[in-house]
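*Asks:* Quick one, work19.pdb (PDB, C-alpha atoms):
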```pdb
ATOM      1  CA  MET A  13       0.000   0.000   0.000  1.00  0.00           C
ATOM      2  CA  ASP A  14       2.839   2.360   0.842  1.00  0.00           C
ATOM      3  CA  GLN A  15       4.336   1.751  -2.581  1.00  0.00           C
ATOM      4  CA  ILE A  16       1.079   2.582  -4.356  1.00  0.00           C
ATOM      5  CA  GLN A  17       0.571   5.726  -2.299  1.00  0.00           C
ATOM      6  CA  ARG A  18       4.128   6.782  -3.094  1.00  0.00           C
ATOM      7  CA  ILE A  19       3.440   6.338  -6.805  1.00  0.00           C
ATOM      8  CA  LEU A  20       0.169   8.214  -6.642  1.00  0.00           C
ATOM      9  CA  GLY A  21       1.761  11.067  -4.776  1.00  0.00           C
ATOM     10  CA  GLN A  22       5.021  11.478  -6.684  1.00  0.00           C
ATOM     11  CA  PRO A  23       5.390  14.260  -9.278  1.00  0.00           C
ATOM     12  CA  LEU A  24       4.951  12.831 -12.755  1.00  0.00           C
ATOM     13  CA  SER A  25       7.021  14.316 -15.566  1.00  0.00           C
ATOM     14  CA  ILE A  26       4.913  16.205 -18.081  1.00  0.00           C
ATOM     15  CA  PRO A  27       7.107  17.702 -20.820  1.00  0.00           C
ATOM     16  CA  SER A  28       5.273  20.935 -21.507  1.00  0.00           C
ATOM     17  CA  PRO A  29       5.677  24.627 -20.684  1.00  0.00           C
ATOM     18  CA  GLN A  30       2.903  24.358 -18.106  1.00  0.00           C
ATOM     19  CA  SER A  31       4.333  21.227 -16.490  1.00  0.00           C
ATOM     20  CA  LYS A  32       4.417  22.737 -12.987  1.00  0.00           C
ATOM     21  CA  LYS A  33       0.721  23.563 -13.038  1.00  0.00           C
ATOM     22  CA  LYS A  34      -0.238  20.153 -14.473  1.00  0.00           C
ATOM     23  CA  ARG A  35       2.004  18.349 -11.980  1.00  0.00           C
ATOM     24  CA  THR A  36       0.411  20.171  -9.060  1.00  0.00           C
ATOM     25  CA  SER A  37      -3.056  19.313 -10.299  1.00  0.00           C
ATOM     26  CA  MET A  38      -2.107  15.664 -10.798  1.00  0.00           C
ATOM     27  CA  ILE A  39      -0.552  15.357  -7.334  1.00  0.00           C
ATOM     28  CA  SER A  40      -3.609  16.970  -5.790  1.00  0.00           C
ATOM     29  CA  PHE A  41      -5.935  14.602  -7.607  1.00  0.00           C
ATOM     30  CA  PHE A  42      -4.079  11.430  -6.667  1.00  0.00           C
ATOM     31  CA  PHE A  43      -3.662  12.557  -3.064  1.00  0.00           C
ATOM     32  CA  LYS A  44      -7.443  12.845  -2.892  1.00  0.00           C
ATOM     33  CA  VAL A  45      -7.707   9.276  -4.145  1.00  0.00           C
ATOM     34  CA  SER A  46      -5.072   8.086  -1.676  1.00  0.00           C
ATOM     35  CA  TRP A  47      -6.693   9.968   1.218  1.00  0.00           C
ATOM     36  CA  LYS A  48     -10.080   8.438   0.438  1.00  0.00           C
ATOM     37  CA  LEU A  49      -8.556   5.004   0.923  1.00  0.00           C
ATOM     38  CA  ARG A  50      -7.935   5.713   4.598  1.00  0.00           C
ATOM     39  CA  PHE A  51     -11.661   5.574   5.226  1.00  0.00           C
ATOM     40  CA  GLN A  52     -12.349   2.367   3.309  1.00  0.00           C
ATOM     41  CA  ARG A  53     -12.490  -1.108   4.805  1.00  0.00           C
ATOM     42  CA  MET A  54     -12.035  -2.958   1.518  1.00  0.00           C
ATOM     43  CA  GLU A  55      -8.627  -4.189   0.379  1.00  0.00           C
ATOM     44  CA  PRO A  56      -6.663  -0.907  -0.085  1.00  0.00           C
ATOM     45  CA  LEU A  57      -4.953  -1.757  -3.376  1.00  0.00           C
ATOM     46  CA  LYS A  58      -8.148  -3.015  -4.933  1.00  0.00           C
ATOM     47  CA  ASN A  59      -9.788   0.224  -3.851  1.00  0.00           C
ATOM     48  CA  VAL A  60      -7.219   2.253  -5.757  1.00  0.00           C
ATOM     49  CA  PHE A  61      -8.213   0.655  -9.034  1.00  0.00           C
ATOM     50  CA  PHE A  62     -11.934   0.829  -8.355  1.00  0.00           C
ATOM     51  CA  ILE A  63     -11.656   4.532  -7.564  1.00  0.00           C
ATOM     52  CA  LEU A  64      -9.553   5.124 -10.666  1.00  0.00           C
ATOM     53  CA  ALA A  65     -12.086   3.196 -12.758  1.00  0.00           C
ATOM     54  CA  GLU A  66     -14.823   5.476 -11.451  1.00  0.00           C
ATOM     55  CA  ARG A  67     -12.793   8.613 -12.167  1.00  0.00           C
ATOM     56  CA  ALA A  68     -11.895   7.350 -15.651  1.00  0.00           C
ATOM     57  CA  GLN A  69     -15.534   8.017 -16.575  1.00  0.00           C
ATOM     58  CA  ASP A  70     -15.278  11.669 -15.512  1.00  0.00           C
ATOM     59  CA  PRO A  71     -16.908  14.045 -18.049  1.00  0.00           C
ATOM     60  CA  ARG A  72     -13.836  16.303 -17.873  1.00  0.00           C
ATOM     61  CA  ALA A  73     -11.149  15.297 -20.376  1.00  0.00           C
ATOM     62  CA  LYS A  74      -8.414  16.652 -18.099  1.00  0.00           C
ATOM     63  CA  LYS A  75      -9.369  14.201 -15.348  1.00  0.00           C
ATOM     64  CA  ARG A  76      -9.499  11.287 -17.759  1.00  0.00           C
ATOM     65  CA  HIS A  77      -6.085  12.283 -19.090  1.00  0.00           C
ATOM     66  CA  LEU A  78      -4.606  12.253 -15.582  1.00  0.00           C
ATOM     67  CA  ILE A  79      -6.022   8.803 -14.921  1.00  0.00           C
ATOM     68  CA  MET A  80      -4.497   7.288 -18.063  1.00  0.00           C
ATOM     69  CA  ARG A  81      -1.135   8.910 -17.366  1.00  0.00           C
ATOM     70  CA  GLY A  82      -1.275   7.642 -13.782  1.00  0.00           C
ATOM     71  CA  LEU A  83      -1.986   4.094 -14.924  1.00  0.00           C
ATOM     72  CA  GLY A  84       1.057   4.181 -17.169  1.00  0.00           C
ATOM     73  CA  THR A  85       3.213   5.331 -14.270  1.00  0.00           C
ATOM     74  CA  MET A  86       1.822   2.643 -11.985  1.00  0.00           C
ATOM     75  CA  ALA A  87       2.564   0.012 -14.643  1.00  0.00           C
ATOM     76  CA  CYS A  88       6.214   1.129 -14.682  1.00  0.00           C
ATOM     77  CA  GLU A  89       6.648   1.456 -10.929  1.00  0.00           C
ATOM     78  CA  ALA A  90       4.414  -1.333  -9.595  1.00  0.00           C
ATOM     79  CA  PRO A  91       4.006  -3.928 -12.373  1.00  0.00           C
ATOM     80  CA  ASP A  92       3.183  -6.797 -10.004  1.00  0.00           C
ATOM     81  CA  GLN A  93       0.270  -4.916  -8.475  1.00  0.00           C
ATOM     82  CA  VAL A  94      -1.001  -3.803 -11.875  1.00  0.00           C
ATOM     83  CA  ARG A  95      -0.680  -7.379 -13.153  1.00  0.00           C
ATOM     84  CA  LYS A  96      -2.847  -8.591 -10.262  1.00  0.00           C
ATOM     85  CA  TYR A  97      -5.697  -6.277 -11.287  1.00  0.00           C
ATOM     86  CA  LYS A  98      -4.984  -6.208 -14.992  1.00  0.00           C
ATOM     87  CA  LYS A  99      -8.609  -6.794 -16.016  1.00  0.00           C
ATOM     88  CA  ILE A 100      -9.705  -3.588 -14.300  1.00  0.00           C
ATOM     89  CA  VAL A 101      -6.709  -1.687 -15.695  1.00  0.00           C
ATOM     90  CA  LEU A 102      -7.128  -3.015 -19.247  1.00  0.00           C
ATOM     91  CA  ALA A 103     -10.822  -2.175 -19.206  1.00  0.00           C
ATOM     92  CA  MET A 104     -10.007   1.442 -18.294  1.00  0.00           C
ATOM     93  CA  LEU A 105      -7.315   1.766 -20.943  1.00  0.00           C
ATOM     94  CA  VAL A 106      -9.387   0.184 -23.718  1.00  0.00           C
ATOM     95  CA  HIS A 107     -12.165   2.598 -22.827  1.00  0.00           C
ATOM     96  CA  GLY A 108      -9.602   5.394 -23.095  1.00  0.00           C
ATOM     97  CA  LEU A 109      -8.758   4.343 -26.662  1.00  0.00           C
ATOM     98  CA  TYR A 110     -12.314   5.236 -27.650  1.00  0.00           C
ATOM     99  CA  ASP A 111     -12.310   8.677 -26.036  1.00  0.00           C
ATOM    100  CA  PRO A 112     -14.570  10.805 -28.268  1.00  0.00           C
ATOM    101  CA  VAL A 113     -13.045  14.173 -27.370  1.00  0.00           C
ATOM    102  CA  SER A 114      -9.431  14.140 -26.251  1.00  0.00           C
ATOM    103  CA  SER A 115      -6.496  12.937 -28.333  1.00  0.00           C
ATOM    104  CA  GLU A 116      -4.376  13.272 -25.178  1.00  0.00           C
ATOM    105  CA  VAL A 117      -6.493  10.646 -23.407  1.00  0.00           C
ATOM    106  CA  ILE A 118      -6.094   8.318 -26.395  1.00  0.00           C
ATOM    107  CA  TYR A 119      -2.348   8.969 -26.554  1.00  0.00           C
ATOM    108  CA  GLU A 120      -1.824   8.209 -22.856  1.00  0.00           C
ATOM    109  CA  SER A 121      -3.984   5.074 -23.169  1.00  0.00           C
ATOM    110  CA  LEU A 122      -1.853   3.805 -26.061  1.00  0.00           C
ATOM    111  CA  LYS A 123       1.374   4.445 -24.151  1.00  0.00           C
ATOM    112  CA  ALA A 124       0.093   2.779 -20.977  1.00  0.00           C
ATOM    113  CA  LEU A 125      -1.155  -0.255 -22.914  1.00  0.00           C
ATOM    114  CA  THR A 126       2.241  -0.619 -24.584  1.00  0.00           C
ATOM    115  CA  ILE A 127       3.936  -0.658 -21.191  1.00  0.00           C
ATOM    116  CA  ILE A 128       1.451  -3.032 -19.560  1.00  0.00           C
ATOM    117  CA  LEU A 129       1.417  -5.514 -22.439  1.00  0.00           C
ATOM    118  CA  GLY A 130       5.201  -5.585 -22.266  1.00  0.00           C
ATOM    119  CA  LYS A 131       5.123  -6.244 -18.528  1.00  0.00           C
ATOM    120  CA  ILE A 132       2.623  -9.103 -18.781  1.00  0.00           C
ATOM    121  CA  GLN A 133       4.146 -10.423 -22.038  1.00  0.00           C
ATOM    122  CA  GLY A 134       0.749 -10.253 -23.699  1.00  0.00           C
ATOM    123  CA  LYS A 135      -0.478 -13.218 -21.633  1.00  0.00           C
ATOM    124  CA  SER A 136      -4.108 -13.876 -20.696  1.00  0.00           C
ATOM    125  CA  LEU A 137      -5.494 -10.876 -22.552  1.00  0.00           C
ATOM    126  CA  GLY A 138      -8.641 -12.711 -23.540  1.00  0.00           C
ATOM    127  CA  SER A 139     -11.086 -10.647 -25.578  1.00  0.00           C
ATOM    128  CA  PHE A 140      -9.103  -7.514 -24.725  1.00  0.00           C
ATOM    129  CA  PHE A 141      -6.714  -8.535 -27.495  1.00  0.00           C
ATOM    130  CA  ILE A 142      -9.516  -8.093 -30.036  1.00  0.00           C
ATOM    131  CA  ASP A 143     -10.677  -4.763 -28.598  1.00  0.00           C
ATOM    132  CA  ILE A 144      -7.159  -3.343 -28.467  1.00  0.00           C
ATOM    133  CA  THR A 145      -6.288  -4.538 -31.963  1.00  0.00           C
ATOM    134  CA  LEU A 146      -9.444  -3.202 -33.614  1.00  0.00           C
ATOM    135  CA  GLN A 147      -9.191   0.266 -32.118  1.00  0.00           C
ATOM    136  CA  THR A 148      -5.421   0.569 -32.469  1.00  0.00           C
ATOM    137  CA  ARG A 149      -5.825  -0.220 -36.155  1.00  0.00           C
ATOM    138  CA  THR A 150      -8.145   2.752 -36.640  1.00  0.00           C
ATOM    139  CA  LEU A 151      -5.681   5.045 -34.853  1.00  0.00           C
ATOM    140  CA  LEU A 152      -2.888   4.349 -37.335  1.00  0.00           C
ATOM    141  CA  ASP A 153      -4.407   7.043 -39.547  1.00  0.00           C
ATOM    142  CA  ASP A 154      -5.167   9.533 -36.789  1.00  0.00           C
ATOM    143  CA  GLU A 155      -4.415  13.197 -37.476  1.00  0.00           C
ATOM    144  CA  ASN A 156      -2.407  13.544 -34.273  1.00  0.00           C
ATOM    145  CA  ASP A 157       1.277  12.612 -34.771  1.00  0.00           C
ATOM    146  CA  ASN A 158       1.715  11.321 -31.210  1.00  0.00           C
ATOM    147  CA  VAL A 159      -1.353   9.114 -31.488  1.00  0.00           C
ATOM    148  CA  ARG A 160      -0.206   7.674 -34.825  1.00  0.00           C
ATOM    149  CA  TYR A 161       3.284   7.019 -33.505  1.00  0.00           C
ATOM    150  CA  SER A 162       2.074   5.231 -30.355  1.00  0.00           C
ATOM    151  CA  ALA A 163      -0.523   3.286 -32.346  1.00  0.00           C
ATOM    152  CA  PHE A 164       2.179   1.900 -34.644  1.00  0.00           C
ATOM    153  CA  VAL A 165       4.365   0.914 -31.681  1.00  0.00           C
ATOM    154  CA  LEU A 166       1.441  -0.854 -29.997  1.00  0.00           C
ATOM    155  CA  PHE A 167       0.273  -2.555 -33.196  1.00  0.00           C
ATOM    156  CA  GLY A 168       3.774  -3.919 -33.772  1.00  0.00           C
ATOM    157  CA  GLN A 169       3.793  -5.220 -30.228  1.00  0.00           C
ATOM    158  CA  LEU A 170       0.450  -6.949 -30.746  1.00  0.00           C
ATOM    159  CA  ALA A 171       1.986  -8.801 -33.694  1.00  0.00           C
ATOM    160  CA  ALA A 172       4.430 -10.441 -31.282  1.00  0.00           C
ATOM    161  CA  PHE A 173       1.683 -11.422 -28.841  1.00  0.00           C
ATOM    162  CA  ALA A 174      -0.950 -12.775 -31.237  1.00  0.00           C
ATOM    163  CA  GLY A 175       0.200 -16.371 -30.801  1.00  0.00           C
ATOM    164  CA  ARG A 176      -1.764 -19.326 -32.081  1.00  0.00           C
ATOM    165  CA  LYS A 177      -5.008 -18.280 -30.461  1.00  0.00           C
ATOM    166  CA  TRP A 178      -5.307 -14.980 -32.313  1.00  0.00           C
ATOM    167  CA  LYS A 179      -3.178 -15.711 -35.382  1.00  0.00           C
ATOM    168  CA  LYS A 180      -6.064 -15.952 -37.864  1.00  0.00           C
ATOM    169  CA  PHE A 181      -7.799 -12.900 -36.426  1.00  0.00           C
ATOM    170  CA  PHE A 182      -4.626 -10.811 -36.414  1.00  0.00           C
ATOM    171  CA  THR A 183      -3.702 -11.927 -39.925  1.00  0.00           C
ATOM    172  CA  ARG A 184      -7.024 -10.547 -41.175  1.00  0.00           C
ATOM    173  CA  GLN A 185      -6.432  -7.296 -39.325  1.00  0.00           C
ATOM    174  CA  VAL A 186      -2.931  -6.894 -40.725  1.00  0.00           C
ATOM    175  CA  LYS A 187      -4.131  -7.502 -44.264  1.00  0.00           C
ATOM    176  CA  GLN A 188      -6.833  -4.875 -43.809  1.00  0.00           C
ATOM    177  CA  THR A 189      -4.164  -2.519 -42.459  1.00  0.00           C
ATOM    178  CA  ARG A 190      -1.748  -3.027 -45.354  1.00  0.00           C
ATOM    179  CA  ASP A 191      -2.642   0.252 -47.083  1.00  0.00           C
ATOM    180  CA  SER A 192      -2.008   2.236 -43.900  1.00  0.00           C
ATOM    181  CA  LEU A 193       1.298   0.453 -43.332  1.00  0.00           C
ATOM    182  CA  LEU A 194       2.505   1.247 -46.834  1.00  0.00           C
ATOM    183  CA  THR A 195       1.178   4.817 -46.789  1.00  0.00           C
ATOM    184  CA  HIS A 196       2.833   5.800 -43.514  1.00  0.00           C
ATOM    185  CA  LEU A 197       6.226   4.575 -44.604  1.00  0.00           C
ATOM    186  CA  GLN A 198       6.334   8.066 -46.075  1.00  0.00           C
ATOM    187  CA  ASP A 199       4.598   9.735 -43.130  1.00  0.00           C
ATOM    188  CA  ARG A 200       5.150  13.482 -42.814  1.00  0.00           C
ATOM    189  CA  ASN A 201       6.568  12.835 -39.347  1.00  0.00           C
ATOM    190  CA  PRO A 202       9.892  10.940 -39.642  1.00  0.00           C
ATOM    191  CA  GLN A 203       9.460   9.279 -36.242  1.00  0.00           C
ATOM    192  CA  VAL A 204       6.055   7.931 -37.254  1.00  0.00           C
ATOM    193  CA  ALA A 205       7.542   6.681 -40.526  1.00  0.00           C
ATOM    194  CA  LYS A 206      10.297   4.907 -38.620  1.00  0.00           C
ATOM    195  CA  ALA A 207       7.823   3.309 -36.205  1.00  0.00           C
ATOM    196  CA  CYS A 208       5.762   2.219 -39.206  1.00  0.00           C
ATOM    197  CA  LYS A 209       8.791   0.476 -40.750  1.00  0.00           C
ATOM    198  CA  THR A 210       9.424  -1.439 -37.528  1.00  0.00           C
ATOM    199  CA  THR A 211       5.764  -2.412 -37.311  1.00  0.00           C
ATOM    200  CA  LEU A 212       5.790  -3.536 -40.936  1.00  0.00           C
ATOM    201  CA  ARG A 213       8.731  -5.828 -40.176  1.00  0.00           C
ATOM    202  CA  ALA A 214       6.884  -7.215 -37.137  1.00  0.00           C
ATOM    203  CA  CYS A 215       3.823  -7.891 -39.321  1.00  0.00           C
ATOM    204  CA  SER A 216       5.731  -9.216 -42.335  1.00  0.00           C
ATOM    205  CA  SER A 217       5.035 -12.855 -41.473  1.00  0.00           C
ATOM    206  CA  TYR A 218       1.303 -12.101 -41.542  1.00  0.00           C
ATOM    207  CA  LEU A 219       1.569 -10.297 -44.863  1.00  0.00           C
ATOM    208  CA  LYS A 220       4.084 -12.780 -46.328  1.00  0.00           C
ATOM    209  CA  LEU A 221       6.033  -9.932 -47.915  1.00  0.00           C
ATOM    210  CA  ARG A 222       8.723 -10.802 -50.436  1.00  0.00           C
ATOM    211  CA  LYS A 223      12.269  -9.756 -49.636  1.00  0.00           C
ATOM    212  CA  GLU A 224      12.290  -6.872 -52.115  1.00  0.00           C
ATOM    213  CA  TYR A 225       9.336  -5.321 -50.283  1.00  0.00           C
ATOM    214  CA  SER A 226      10.808  -5.452 -46.804  1.00  0.00           C
ATOM    215  CA  PHE A 227      11.442  -1.677 -46.841  1.00  0.00           C
ATOM    216  CA  GLN A 228      14.652  -1.930 -44.846  1.00  0.00           C
ATOM    217  CA  SER A 229      17.388   0.578 -45.498  1.00  0.00           C
ATOM    218  CA  GLU A 230      20.988   0.054 -44.331  1.00  0.00           C
ATOM    219  CA  GLU A 231      20.280   2.202 -41.299  1.00  0.00           C
ATOM    220  CA  ASP A 232      17.197   0.157 -40.390  1.00  0.00           C
ATOM    221  CA  GLN A 233      19.181  -3.084 -40.611  1.00  0.00           C
ATOM    222  CA  ARG A 234      21.811  -2.058 -38.075  1.00  0.00           C
ATOM    223  CA  ASN A 235      19.988  -3.424 -35.012  1.00  0.00           C
ATOM    224  CA  PRO A 236      17.048  -5.552 -36.203  1.00  0.00           C
ATOM    225  CA  LYS A 237      17.504  -8.115 -33.421  1.00  0.00           C
ATOM    226  CA  LEU A 238      17.700  -5.407 -30.766  1.00  0.00           C
ATOM    227  CA  CYS A 239      14.548  -3.730 -32.117  1.00  0.00           C
ATOM    228  CA  ARG A 240      12.637  -7.018 -31.996  1.00  0.00           C
ATOM    229  CA  GLN A 241      13.790  -7.745 -28.453  1.00  0.00           C
ATOM    230  CA  LEU A 242      12.921  -4.256 -27.238  1.00  0.00           C
ATOM    231  CA  SER A 243       9.514  -4.406 -28.908  1.00  0.00           C
ATOM    232  CA  HIS A 244       8.795  -7.671 -27.124  1.00  0.00           C
ATOM    233  CA  TYR A 245      10.299  -7.097 -23.671  1.00  0.00           C
ATOM    234  CA  HIS A 246      10.787  -3.346 -23.217  1.00  0.00           C
ATOM    235  CA  PRO A 247       8.511  -1.392 -25.605  1.00  0.00           C
ATOM    236  CA  GLU A 248       8.800   1.722 -23.456  1.00  0.00           C
ATOM    237  CA  LEU A 249      12.576   1.767 -24.091  1.00  0.00           C
ATOM    238  CA  LEU A 250      12.003   1.306 -27.809  1.00  0.00           C
ATOM    239  CA  GLN A 251       9.718   4.348 -27.761  1.00  0.00           C
ATOM    240  CA  PHE A 252      12.422   6.329 -25.959  1.00  0.00           C
ATOM    241  CA  PHE A 253      15.115   5.277 -28.445  1.00  0.00           C
ATOM    242  CA  TYR A 254      12.917   6.234 -31.384  1.00  0.00           C
ATOM    243  CA  ALA A 255      12.037   9.608 -29.884  1.00  0.00           C
ATOM    244  CA  ASN A 256      15.705  10.385 -29.275  1.00  0.00           C
ATOM    245  CA  LYS A 257      16.880   9.000 -32.647  1.00  0.00           C
ATOM    246  CA  ILE A 258      19.064   6.407 -30.965  1.00  0.00           C
ATOM    247  CA  LEU A 259      17.740   3.622 -33.204  1.00  0.00           C
TER     248      LEU A 259
END
```
Take the structure in this file and express it as structure tokens.
*Replies:*
Amino acid sequence: MDQIQRILGQPLSIPSPQSKKKRTSMISFFFKVSWKLRFQRMEPLKNVFFILAERAQDPRAKKRHLIMRGLGTMACEAPDQVRKYKKIVLAMLVHGLYDPVSSEVIYESLKALTIILGKIQGKSLGSFFIDITLQTRTLLDDENDNVRYSAFVLFGQLAAFAGRKWKKFFTRQVKQTRDSLLTHLQDRNPQVAKACKTTLRACSSYLKLRKEYSFQSEEDQRNPKLCRQLSHYHPELLQFFYANKIL
């Protein structure tokens, strides 16, 4: 419980000019959640997620955005606890993918899902795999650069976790996504284009692409094994390396 309260109360990094104001508001919000737990008799950790699930339905986009960002942080800092209540967490994040108003909520949901799926190795997703795949596919063509970028990273990760159970389903989804994959190889945002190339490689077995259509330049071939390993085990690091042009 102390670990969760520490996570909820710590300042979360928000890279924007108004980061101080947003950080204060986030800390205040999560302290309210943490304080409410003191007066509950239910299992404290379980309460955290139930309260967050309730707040994730808040009509204010700013509140929903804070929840999704907080879930991503909790997944990084307390993966075992998040894994224990993954059904509640996944339900919140999938709901966030469908946010009708805020691209920031969608963006944070994509990032958090990428982290959580990496932590749980895509195991026991159940029908969530279908929900995540279907909505992520639609976000590959989103107008927001950050959303497109994160959608490609997550879609590439899903390719590694499809397994036998979802192979036929995911193969159909990849084939229906082929136009988007080919189009965004020339995305106006170079980071999105690079993420698209990595995702195309991850999906190549589903598309059965010939060698001449692998779209790999010399630069892309430098660390193919490392990229695959990062996508599977540490997708958050792969995102960081892409953003900082390390890979």
*Asks:* Hey, can you check how far atom CA of A:Arg95 sits from atom CA of A:Lys58?
*Replies:*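 These atoms are spaced 11.9 Å apart.
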*Asks:* In Å, rounded to a single decimal, give me how far atom CA of A:Glu66 is from atom CA of A:Gln169.
*Replies:*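 About the pair atom CA of A:Gln169 and atom CA of A:Glu66: they are 28.5 Å apart.
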*Asks:* On this structure, the PyMOL selection byres ((chain A and resi 213-218) around 7) would catch which residues? List them as number ranges by chain, sorted by chain and number.
*Replies:* A: 168, 171, 183, 186, 209-212, 219-221, 226
*Asks:* How far is it from atom CA of A:Asn156 to atom CA of A:Leu193, in Å with one decimal?
*Replies:*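 If I compute the distance from atom CA of A:Asn156 to atom CA of A:Leu193, I get 16.3 Å.
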*Asks:* Kindly resolve the PyMOL selection byres ((chain A and resi 166) around 8) on the present coordinates and return the residues as a PyMOL selection string.
*Replies:* chain A and resi 122-123+125-126+148+162-165+167-170
